[in-house]
>>> print(open('structure09.txt').read())   # compact mmCIF, C-alpha atoms and all ligand atoms
# COMPACT_ATOMS: atom_id res chain seq x y z
CA MET A 674 -16.88 -12.58 -16.44
CA GLU A 675 -16.34 -13.98 -19.94
CA ALA A 676 -18.92 -12.98 -22.54
CA GLU A 677 -21.45 -15.41 -23.96
CA ARG A 678 -20.15 -16.97 -27.17
CA ASP A 679 -23.14 -16.68 -29.44
CA TYR A 680 -23.49 -18.06 -33.00
CA VAL A 681 -25.74 -17.43 -35.98
CA LEU A 682 -28.85 -19.08 -34.46
CA GLY A 683 -28.39 -17.42 -31.08
CA THR A 684 -28.10 -18.96 -27.61
CA HIS A 685 -31.02 -17.16 -25.94
CA GLU A 686 -33.89 -18.75 -23.99
CA GLU A 687 -36.18 -19.15 -27.03
CA GLU A 688 -33.43 -20.95 -28.94
CA LEU A 689 -32.81 -23.17 -25.93
CA ALA A 690 -36.51 -24.12 -25.89
CA ARG A 691 -36.54 -24.59 -29.67
CA LEU A 692 -33.60 -27.01 -29.47
CA GLY A 693 -35.59 -28.97 -26.87
CA LEU A 694 -38.59 -29.29 -29.14
CA GLN A 695 -36.32 -30.16 -32.04
CA HIS A 696 -34.75 -32.94 -29.98
CA ARG A 697 -38.14 -34.36 -28.91
CA VAL A 698 -39.37 -34.38 -32.50
CA TRP A 699 -36.25 -36.18 -33.72
CA ARG A 700 -35.85 -38.44 -30.70
CA PRO A 701 -37.38 -41.64 -32.16
CA PHE A 702 -35.07 -41.45 -35.19
CA VAL A 703 -32.05 -40.59 -33.08
CA LEU A 704 -32.66 -43.43 -30.60
CA ASP A 705 -33.02 -45.82 -33.52
CA CYS A 706 -29.77 -44.54 -35.04
CA TRP A 707 -27.85 -44.90 -31.77
CA GLN A 708 -29.22 -48.41 -31.29
CA ARG A 709 -28.20 -49.46 -34.81
CA ALA A 710 -24.73 -47.99 -34.23
CA GLY A 711 -24.35 -49.99 -31.00
CA ILE A 712 -24.57 -47.34 -28.27
CA THR A 713 -25.43 -49.20 -25.07
CA ILE A 714 -24.60 -49.50 -21.36
CA GLY A 715 -20.96 -48.86 -20.51
CA LYS A 716 -20.06 -46.98 -23.72
CA ARG A 717 -18.19 -43.68 -23.81
CA VAL A 718 -19.61 -41.04 -26.11
CA LEU A 719 -18.19 -37.69 -27.18
CA ASP A 720 -21.00 -35.20 -27.93
CA VAL A 721 -19.58 -32.59 -30.29
CA GLY A 722 -21.34 -29.19 -30.13
CA ALA A 723 -23.81 -30.51 -27.58
CA GLY A 724 -25.99 -27.38 -27.29
CA PRO A 725 -27.98 -27.35 -24.03
CA GLY A 726 -27.47 -31.13 -23.79
CA TYR A 727 -30.79 -32.68 -24.75
CA ALA A 728 -29.05 -35.49 -26.63
CA ALA A 729 -26.21 -35.70 -24.09
CA ILE A 730 -28.73 -36.42 -21.33
CA ASP A 731 -30.42 -39.18 -23.31
CA LEU A 732 -26.99 -40.61 -24.07
CA ALA A 733 -25.98 -40.46 -20.41
CA GLU A 734 -29.12 -42.34 -19.41
CA ILE A 735 -28.49 -44.98 -22.09
CA VAL A 736 -24.81 -45.61 -21.26
CA GLY A 737 -25.53 -45.61 -17.53
CA SER A 738 -23.17 -45.15 -14.63
CA SER A 739 -20.56 -47.49 -16.11
CA GLY A 740 -20.44 -45.37 -19.26
CA GLU A 741 -19.64 -41.72 -19.84
CA VAL A 742 -20.65 -38.78 -21.99
CA VAL A 743 -18.16 -36.01 -22.71
CA ALA A 744 -20.01 -32.97 -24.00
CA LEU A 745 -18.24 -30.16 -25.87
CA GLU A 746 -19.99 -26.81 -26.23
CA ARG A 747 -18.90 -23.22 -26.71
CA SER A 748 -21.93 -21.32 -25.39
CA ARG A 749 -21.82 -20.59 -21.69
CA ASN A 750 -25.64 -20.29 -21.58
CA PHE A 751 -25.98 -23.75 -23.07
CA VAL A 752 -23.29 -25.20 -20.78
CA ARG A 753 -25.12 -23.80 -17.75
CA ALA A 754 -28.44 -25.23 -18.96
CA MET A 755 -26.77 -28.64 -19.44
CA GLU A 756 -25.25 -28.55 -15.95
CA THR A 757 -28.65 -27.70 -14.46
CA MET A 758 -30.39 -30.52 -16.32
CA CYS A 759 -27.71 -33.03 -15.29
CA ARG A 760 -28.06 -31.98 -11.62
CA ALA A 761 -31.86 -32.21 -11.79
CA ARG A 762 -31.55 -35.78 -13.05
CA SER A 763 -28.70 -36.70 -10.69
CA LEU A 764 -26.53 -37.64 -13.64
CA THR A 765 -22.91 -38.04 -12.62
CA ASN A 766 -21.57 -39.51 -15.86
CA VAL A 767 -21.55 -36.34 -17.99
CA ARG A 768 -18.35 -34.31 -18.27
CA ILE A 769 -18.91 -30.91 -19.83
CA HIS A 770 -16.17 -28.87 -21.50
CA GLU A 771 -16.88 -25.27 -22.40
CA LEU A 772 -14.70 -24.85 -25.47
CA ASP A 773 -14.54 -23.67 -29.05
CA LEU A 774 -14.18 -26.61 -31.42
CA MET A 775 -12.19 -24.45 -33.83
CA ASN A 776 -9.45 -23.20 -31.55
CA SER A 777 -9.24 -25.54 -28.56
CA GLU A 778 -7.69 -28.93 -28.18
CA LEU A 779 -10.39 -31.58 -27.85
CA PRO A 780 -10.16 -33.66 -24.67
CA LYS A 781 -8.60 -37.04 -25.29
CA GLY A 782 -10.51 -40.11 -24.10
CA ASP A 783 -11.20 -43.75 -24.63
CA TYR A 784 -14.31 -42.94 -26.70
CA ASP A 785 -16.38 -45.62 -28.39
CA PHE A 786 -18.53 -43.10 -30.27
CA ALA A 787 -18.74 -39.46 -31.25
CA TRP A 788 -22.16 -37.86 -31.86
CA CYS A 789 -22.32 -34.68 -33.92
CA ARG A 790 -25.65 -33.17 -34.92
CA TRP A 791 -26.25 -29.86 -36.71
CA VAL A 792 -22.79 -28.56 -35.90
CA VAL A 793 -20.87 -29.11 -39.16
CA SER A 794 -23.16 -26.46 -40.75
CA PHE A 795 -21.99 -23.84 -38.24
CA VAL A 796 -18.24 -24.25 -37.85
CA ASN A 797 -16.12 -22.15 -40.19
CA ASP A 798 -13.64 -24.90 -41.01
CA GLN A 799 -15.20 -28.31 -41.48
CA SER A 800 -11.90 -29.92 -42.38
CA LEU A 801 -10.36 -28.74 -39.11
CA LEU A 802 -13.28 -30.21 -37.17
CA ILE A 803 -12.80 -33.64 -38.77
CA GLU A 804 -9.03 -33.41 -38.28
CA LYS A 805 -9.55 -32.68 -34.59
CA LEU A 806 -12.01 -35.55 -34.26
CA ALA A 807 -9.54 -37.86 -35.99
CA GLY A 808 -6.98 -36.77 -33.40
CA VAL A 809 -9.04 -37.96 -30.44
CA MET A 810 -11.16 -40.84 -31.72
CA PRO A 811 -9.50 -44.24 -31.06
CA LYS A 812 -9.07 -46.87 -33.76
CA GLY A 813 -12.30 -48.84 -34.21
CA SER A 814 -14.52 -46.11 -32.72
CA LEU A 815 -17.51 -44.74 -34.64
CA VAL A 816 -18.43 -41.14 -35.43
CA ILE A 817 -22.11 -40.47 -36.09
CA PHE A 818 -23.36 -37.35 -37.87
CA HIS A 819 -26.83 -35.97 -38.46
CA GLU A 820 -26.25 -32.97 -40.72
CA TYR A 821 -28.12 -31.20 -43.50
CA GLY A 822 -27.36 -32.54 -46.98
CA HIS A 823 -29.64 -30.39 -49.15
CA TYR A 824 -31.34 -27.56 -47.28
CA GLU A 825 -33.36 -26.53 -50.33
CA THR A 826 -35.48 -29.66 -50.12
CA TRP A 827 -37.36 -27.68 -47.45
CA ARG A 828 -40.51 -26.44 -49.16
CA PHE A 829 -44.27 -26.56 -49.11
CA PHE A 830 -46.80 -27.99 -51.54
CA PRO A 831 -48.62 -25.94 -52.71
CA ARG A 832 -45.50 -23.74 -52.80
CA LEU A 833 -45.17 -20.85 -50.37
CA PRO A 834 -42.99 -18.24 -52.07
CA MET A 835 -42.49 -16.39 -48.76
CA GLN A 836 -41.18 -19.55 -47.07
CA GLU A 837 -38.77 -20.02 -49.97
CA ARG A 838 -37.56 -16.43 -49.61
CA PHE A 839 -37.16 -17.00 -45.87
CA ARG A 840 -35.20 -20.20 -46.58
CA GLU A 841 -32.86 -18.24 -48.86
CA HIS A 842 -32.18 -15.77 -46.03
CA VAL A 843 -31.38 -18.70 -43.76
CA ILE A 844 -28.91 -20.15 -46.23
CA ALA A 845 -27.30 -16.76 -46.89
CA THR A 846 -26.91 -15.81 -43.21
CA TRP A 847 -25.41 -19.19 -42.29
CA ARG A 848 -22.89 -18.80 -45.13
CA GLU A 849 -22.13 -15.20 -44.16
CA SER A 850 -21.36 -16.34 -40.62
CA GLY A 851 -18.76 -18.75 -42.00
CA GLY A 852 -20.85 -21.92 -42.03
CA GLU A 853 -22.22 -24.13 -44.79
CA PRO A 854 -25.88 -25.21 -44.55
CA ASP A 855 -25.29 -28.38 -46.58
CA GLY A 856 -22.59 -29.43 -44.18
CA ALA A 857 -22.96 -33.17 -44.83
CA LEU A 858 -21.85 -32.86 -48.44
CA GLN A 859 -18.17 -32.52 -47.62
CA LEU A 860 -18.16 -35.23 -44.99
CA PRO A 861 -17.42 -38.30 -47.15
CA ALA A 862 -14.30 -36.67 -48.62
CA LEU A 863 -13.14 -35.16 -45.32
CA LEU A 864 -13.70 -38.39 -43.40
CA GLY A 865 -11.71 -40.30 -46.02
CA GLN A 866 -8.84 -37.80 -45.81
CA HIS A 867 -8.67 -38.14 -42.03
CA GLY A 868 -8.64 -41.92 -41.68
CA PHE A 869 -12.34 -42.78 -41.37
CA VAL A 870 -14.31 -45.19 -43.51
CA ILE A 871 -18.08 -44.78 -43.92
CA ARG A 872 -20.01 -47.74 -42.57
CA SER A 873 -23.49 -46.43 -43.37
CA ALA A 874 -25.19 -43.37 -44.83
CA ARG A 875 -28.91 -42.80 -45.00
CA PRO A 876 -31.25 -39.91 -45.71
CA HIS A 877 -33.85 -38.59 -43.29
CA ILE A 878 -36.53 -36.60 -45.05
CA PHE A 879 -40.21 -36.27 -44.19
CA CYS A 880 -43.39 -35.13 -45.88
CA LEU A 881 -45.63 -33.62 -43.23
CA GLY A 882 -49.13 -32.32 -42.70
CA ALA A 883 -49.95 -29.70 -40.06
CA SER A 884 -51.22 -32.32 -37.60
CA ASP A 885 -47.87 -34.20 -37.58
CA TYR A 886 -45.82 -33.46 -34.48
CA MET A 887 -42.72 -32.92 -36.63
CA TRP A 888 -44.47 -29.99 -38.37
CA GLN A 889 -43.68 -28.01 -35.20
CA TRP A 890 -39.94 -28.36 -35.81
CA PRO A 891 -39.58 -26.14 -38.91
CA VAL A 892 -42.45 -23.92 -37.75
CA THR A 893 -40.79 -23.05 -34.42
CA PHE A 894 -37.52 -22.53 -36.29
CA ILE A 895 -39.26 -20.01 -38.56
CA GLU A 896 -40.70 -18.19 -35.55
CA THR A 897 -37.38 -17.85 -33.69
CA TYR A 898 -35.29 -17.15 -36.79
CA LEU A 899 -37.67 -14.46 -38.10
CA GLU A 900 -36.97 -12.58 -34.87
CA ARG A 901 -33.25 -13.14 -35.35
CA LEU A 902 -33.38 -11.85 -38.94
CA ILE A 903 -35.23 -8.73 -37.79
CA GLU A 904 -32.70 -8.22 -34.99
CA ILE A 905 -29.78 -8.26 -37.44
CA GLY A 906 -31.65 -5.94 -39.84
CA ARG A 907 -31.94 -8.49 -42.60
CA ILE A 908 -35.74 -8.38 -42.92
CA ASP A 909 -38.47 -6.08 -41.61
CA GLN A 910 -41.69 -6.73 -39.70
CA LYS A 911 -43.69 -6.73 -42.94
CA PHE A 912 -41.59 -9.57 -44.35
CA ALA A 913 -42.03 -11.52 -41.11
CA GLU A 914 -45.81 -10.99 -41.16
CA GLN A 915 -45.99 -12.25 -44.74
CA VAL A 916 -44.11 -15.43 -43.81
CA ARG A 917 -46.40 -15.96 -40.81
CA ALA A 918 -49.52 -15.44 -42.95
CA ALA A 919 -48.25 -17.94 -45.53
CA LEU A 920 -47.65 -20.51 -42.80
CA LYS A 921 -51.10 -19.91 -41.37
CA SER A 922 -52.67 -20.55 -44.76
CA ALA A 923 -50.73 -23.82 -45.12
CA LYS A 924 -51.82 -24.91 -41.65
CA LYS A 925 -55.48 -24.35 -42.57
CA ASN A 926 -55.24 -26.25 -45.84
CA PRO A 927 -55.81 -29.98 -45.19
CA ASN A 928 -54.04 -30.80 -48.46
CA ALA A 929 -50.92 -28.76 -47.74
CA ARG A 930 -47.70 -30.70 -47.17
CA MET A 931 -44.22 -29.68 -46.10
CA VAL A 932 -41.06 -31.51 -47.15
CA THR A 933 -38.31 -31.17 -44.56
CA PRO A 934 -34.68 -30.20 -45.21
CA LEU A 935 -32.72 -33.35 -46.04
CA VAL A 936 -30.67 -34.64 -43.12
CA LEU A 937 -27.94 -37.19 -43.85
CA GLU A 938 -27.01 -39.73 -41.23
CA ILE A 939 -23.40 -40.76 -41.69
CA VAL A 940 -21.70 -43.37 -39.52
CA ALA A 941 -17.96 -43.78 -40.02
CA GLU A 942 -15.30 -45.91 -38.35
CA LYS A 943 -11.83 -44.70 -37.42
CA LEU A 944 -9.30 -47.01 -39.06
C1 LIG A 1001 -27.98 -26.22 -33.97
S1 LIG A 1001 -27.12 -26.36 -32.44
C2 LIG A 1001 -27.15 -28.12 -32.22
C3 LIG A 1001 -26.94 -28.52 -30.78
C4 LIG A 1001 -27.00 -30.03 -30.52
N1 LIG A 1001 -25.95 -30.73 -31.24
C5 LIG A 1001 -28.35 -30.59 -30.86
O1 LIG A 1001 -28.44 -31.39 -31.78
O2 LIG A 1001 -29.32 -30.21 -30.18
C6 LIG A 1001 -25.43 -26.05 -32.85
C7 LIG A 1001 -24.52 -26.01 -31.63
O3 LIG A 1001 -23.16 -25.95 -32.04
C8 LIG A 1001 -22.49 -25.06 -31.16
N2 LIG A 1001 -21.31 -24.55 -31.87
C9 LIG A 1001 -21.27 -23.89 -33.04
N3 LIG A 1001 -20.00 -23.57 -33.35
C10 LIG A 1001 -19.22 -24.06 -32.34
C11 LIG A 1001 -17.82 -24.05 -32.09
N4 LIG A 1001 -16.97 -23.48 -32.92
N5 LIG A 1001 -17.38 -24.65 -30.97
C12 LIG A 1001 -18.25 -25.26 -30.09
N6 LIG A 1001 -19.57 -25.29 -30.28
C13 LIG A 1001 -20.06 -24.69 -31.40
C14 LIG A 1001 -23.50 -23.97 -30.87
O4 LIG A 1001 -23.15 -23.23 -29.72
C15 LIG A 1001 -24.75 -24.81 -30.72
O5 LIG A 1001 -24.92 -25.25 -29.41
>>> encode(input="structure09.txt", output="structure tokens")
Amino acid sequence: MEAERDYVLGTHEEELARLGLQHRVWRPFVLDCWQRAGITIGKRVLDVGAGPGYAAIDLAEIVGSSGEVVALERSRNFVRAMETMCRARSLTNVRIHELDLMNSELPKGDYDFAWCRWVVSFVNDQSLLIEKLAGVMPKGSLVIFHEYGHYETWRFFPRLPMQERFREHVIATWRESGGEPDGALQLPALLGQHGFVIRSARPHIFCLGASDYMWQWPVTFIETYLERLIEIGRIDQKFAEQVRAALKSAKKNPNARMVTPLVLEIVAEKL
């Protein structure tokens, strides 16, 4: 049996659950984005780096049986989870390809859209990814990205030095694994080089209190990634406890606010 193809965030059960929460938190903004871009019944959407398929399933329900979602994902665990979710919902319009975006040919298709969220940060050659997308996206189709543009916007007020140290470990480990946290920054140039023109670009950034649902998104990331950092020997238990204590203090302070990492939404058309 082929081994699981892991990546820097991991593909274990906790990460699968975290991606689910992350999708639910972002869902209103994502649905709004898809609607503005024109995703509707009958459309064909390529989901690039689909994870366990939370977005792919929403897309499949939106495009309906006359449309189609083609989901590309490297992790076998995530592919299996996506297959299970599709079966549970009797979805027959999702085609799943277990492949590595960096060294496989992408399946050709009559796509109207490509959706790519939090993947550009993790591939080790962003230019190759855009080149491959350019190779399969038909003229007039749209590619939609939600990717980090400035990860260091993620901070607390009052400041939490331990969260900032944690954030620096995140940035460093993503870079060490061959990725680039601020993945969106290169997109305008790369899209231009590969025959796309940007139709819209907008920032998504939030200022949250502990009672906001979205607060759970970075907080669950901290919890799962602390474990990951311990596992790879980057930090020790004491460091993790200090981060947790800092978070707890922010949660108790009614005046504390968290600013989220900047996400850029970029919609580009293939010329
Ligand atoms: C942060 S997750 C985002 C998943 C999904 N797009 C979402 O928004 O929920 C990044 C995903 O990219 C996948 N990935 C990273 N590098 C990849 C590669 N080279 N080929 C295929 N998938 C890759 C990972 O396995 C993971 O599922």
>>> closest_residue(input="structure09.txt", among="A:Arg848, A:Arg747, A:Arg700, A:Arg709", to="ligand LIG 1001 (chain A)", atoms="only C-alpha atoms and all ligand atoms")
A:Arg747
>>> closest_residue(input="structure09.txt", among="A:Cys706, A:Leu774, A:Ile908, A:Met755", to="Pro876 (chain A)", atoms="only C-alpha atoms")
A:Cys706
>>> closest_atom_pairs(input="structure09.txt", of="chain A", to="ligand LIG 1001 (chain A)", cutoff="8 Å", atoms="all atoms listed in the file", output="JSON lines")
{"residue": "A:Arg678", "atom": "CA", "partner": "A:LIG1001", "partner_atom": "O4", "distance": 7.4}
{"residue": "A:Asp679", "atom": "CA", "partner": "A:LIG1001", "partner_atom": "O4", "distance": 6.6}
{"residue": "A:Tyr680", "atom": "CA", "partner": "A:LIG1001", "partner_atom": "O4", "distance": 6.1}
{"residue": "A:Leu682", "atom": "CA", "partner": "A:LIG1001", "partner_atom": "C1", "distance": 7.2}
{"residue": "A:Gly683", "atom": "CA", "partner": "A:LIG1001", "partner_atom": "O4", "distance": 7.9}
{"residue": "A:Thr684", "atom": "CA", "partner": "A:LIG1001", "partner_atom": "O4", "distance": 6.9}
{"residue": "A:Leu692", "atom": "CA", "partner": "A:LIG1001", "partner_atom": "O2", "distance": 5.4}
{"residue": "A:Gly693", "atom": "CA", "partner": "A:LIG1001", "partner_atom": "O2", "distance": 7.2}
{"residue": "A:Gln695", "atom": "CA", "partner": "A:LIG1001", "partner_atom": "O2", "distance": 7.2}
{"residue": "A:His696", "atom": "CA", "partner": "A:LIG1001", "partner_atom": "O2", "distance": 6.1}
{"residue": "A:Asp720", "atom": "CA", "partner": "A:LIG1001", "partner_atom": "N1", "distance": 7.4}
{"residue": "A:Val721", "atom": "CA", "partner": "A:LIG1001", "partner_atom": "N1", "distance": 6.7}
{"residue": "A:Gly722", "atom": "CA", "partner": "A:LIG1001", "partner_atom": "O3", "distance": 4.2}
{"residue": "A:Ala723", "atom": "CA", "partner": "A:LIG1001", "partner_atom": "N1", "distance": 4.2}
{"residue": "A:Gly724", "atom": "CA", "partner": "A:LIG1001", "partner_atom": "O5", "distance": 3.2}
{"residue": "A:Pro725", "atom": "CA", "partner": "A:LIG1001", "partner_atom": "O5", "distance": 6.5}
{"residue": "A:Gly726", "atom": "CA", "partner": "A:LIG1001", "partner_atom": "O2", "distance": 6.7}
{"residue": "A:Tyr727", "atom": "CA", "partner": "A:LIG1001", "partner_atom": "O2", "distance": 6.1}
{"residue": "A:Ala728", "atom": "CA", "partner": "A:LIG1001", "partner_atom": "O2", "distance": 6.4}
{"residue": "A:Leu745", "atom": "CA", "partner": "A:LIG1001", "partner_atom": "C12", "distance": 6.5}
{"residue": "A:Glu746", "atom": "CA", "partner": "A:LIG1001", "partner_atom": "N6", "distance": 4.3}
{"residue": "A:Arg747", "atom": "CA", "partner": "A:LIG1001", "partner_atom": "C12", "distance": 4.0}
{"residue": "A:Ser748", "atom": "CA", "partner": "A:LIG1001", "partner_atom": "O4", "distance": 4.9}
{"residue": "A:Phe751", "atom": "CA", "partner": "A:LIG1001", "partner_atom": "O5", "distance": 6.6}
{"residue": "A:Glu771", "atom": "CA", "partner": "A:LIG1001", "partner_atom": "C12", "distance": 7.8}
{"residue": "A:Leu772", "atom": "CA", "partner": "A:LIG1001", "partner_atom": "C12", "distance": 5.8}
{"residue": "A:Asp773", "atom": "CA", "partner": "A:LIG1001", "partner_atom": "N5", "distance": 3.6}
{"residue": "A:Leu774", "atom": "CA", "partner": "A:LIG1001", "partner_atom": "N5", "distance": 3.8}
{"residue": "A:Met775", "atom": "CA", "partner": "A:LIG1001", "partner_atom": "N4", "distance": 5.0}
{"residue": "A:Asn776", "atom": "CA", "partner": "A:LIG1001", "partner_atom": "N4", "distance": 7.6}
{"residue": "A:Cys789", "atom": "CA", "partner": "A:LIG1001", "partner_atom": "N1", "distance": 6.0}
{"residue": "A:Arg790", "atom": "CA", "partner": "A:LIG1001", "partner_atom": "N1", "distance": 4.4}
{"residue": "A:Trp791", "atom": "CA", "partner": "A:LIG1001", "partner_atom": "C1", "distance": 4.9}
{"residue": "A:Val792", "atom": "CA", "partner": "A:LIG1001", "partner_atom": "O3", "distance": 4.7}
{"residue": "A:Phe795", "atom": "CA", "partner": "A:LIG1001", "partner_atom": "C9", "distance": 5.2}
{"residue": "A:Val796", "atom": "CA", "partner": "A:LIG1001", "partner_atom": "N3", "distance": 4.9}
{"residue": "A:Asn797", "atom": "CA", "partner": "A:LIG1001", "partner_atom": "N4", "distance": 7.4}
>>> residues_around(input="structure09.txt", residues="region 756-762 of chain A", least_positions_apart="5", cutoff="8 Å", atoms="only C-alpha atoms", output="PyMOL selection string")
chain A and resi 730+767+769
>>> atom_distance(input="structure09.txt", atom1="CA of Asp855 (chain A)", atom2="CA of Tyr824 (chain A)")
6.1 Å
>>> atom_distance(input="structure09.txt", atom1="CA of Leu815 (chain A)", atom2="CA of Ile871 (chain A)")
9.3 Å
>>> closest_residue(input="structure09.txt", among="A:Val916, A:Val843, A:Ala874, A:Ala754", to="Glu688 (chain A)", atoms="all atoms listed in the file")
A:Ala754
>>> atom_distance(input="structure09.txt", atom1="CA of Gln889 (chain A)", atom2="CA of Leu764 (chain A)")
29.2 Å
>>> residues_around(input="structure09.txt", residues="Gly813 (chain A)", least_positions_apart="4", cutoff="8 Å", atoms="all atoms listed in the file", output="PyMOL selection string")
chain A and resi 785+942-944
>>> closest_residue(input="structure09.txt", among="A:Cys880, A:Ile903, A:Val703, A:Met887", to="Val932 (chain A)", atoms="only C-alpha atoms")
A:Cys880
>>> closest_residue(input="structure09.txt", among="A:Val681, A:Met835, A:Ala883, A:Val752", to="Ser794 (chain A)", atoms="all atoms listed in the file")
A:Val681
>>> closest_residue(input="structure09.txt", among="A:Ile878, A:Ala923, A:Ala845, A:Val793", to="Thr826 (chain A)", atoms="all atoms listed in the file")
A:Ile878
>>> residues_around(input="structure09.txt", residues="Lys925 (chain A)", least_positions_apart="4", cutoff="12 Å", atoms="all atoms listed in the file", output="mmCIF file with C-alpha atoms, in the coordinates of the input")
data_model
loop_
_atom_site.group_PDB
_atom_site.id
_atom_site.type_symbol
_atom_site.label_atom_id
_atom_site.label_comp_id
_atom_site.auth_asym_id
_atom_site.auth_seq_id
_atom_site.Cartn_x
_atom_site.Cartn_y
_atom_site.Cartn_z
ATOM 1 C CA GLY A 882 -49.130 -32.320 -42.700
ATOM 2 C CA ALA A 883 -49.950 -29.700 -40.060
ATOM 3 C CA SER A 884 -51.220 -32.320 -37.600
ATOM 4 C CA ALA A 918 -49.520 -15.440 -42.950
ATOM 5 C CA ALA A 919 -48.250 -17.940 -45.530
ATOM 6 C CA LEU A 920 -47.650 -20.510 -42.800
ATOM 7 C CA LYS A 921 -51.100 -19.910 -41.370
ATOM 8 C CA ALA A 929 -50.920 -28.760 -47.740
ATOM 9 C CA ARG A 930 -47.700 -30.700 -47.170
#
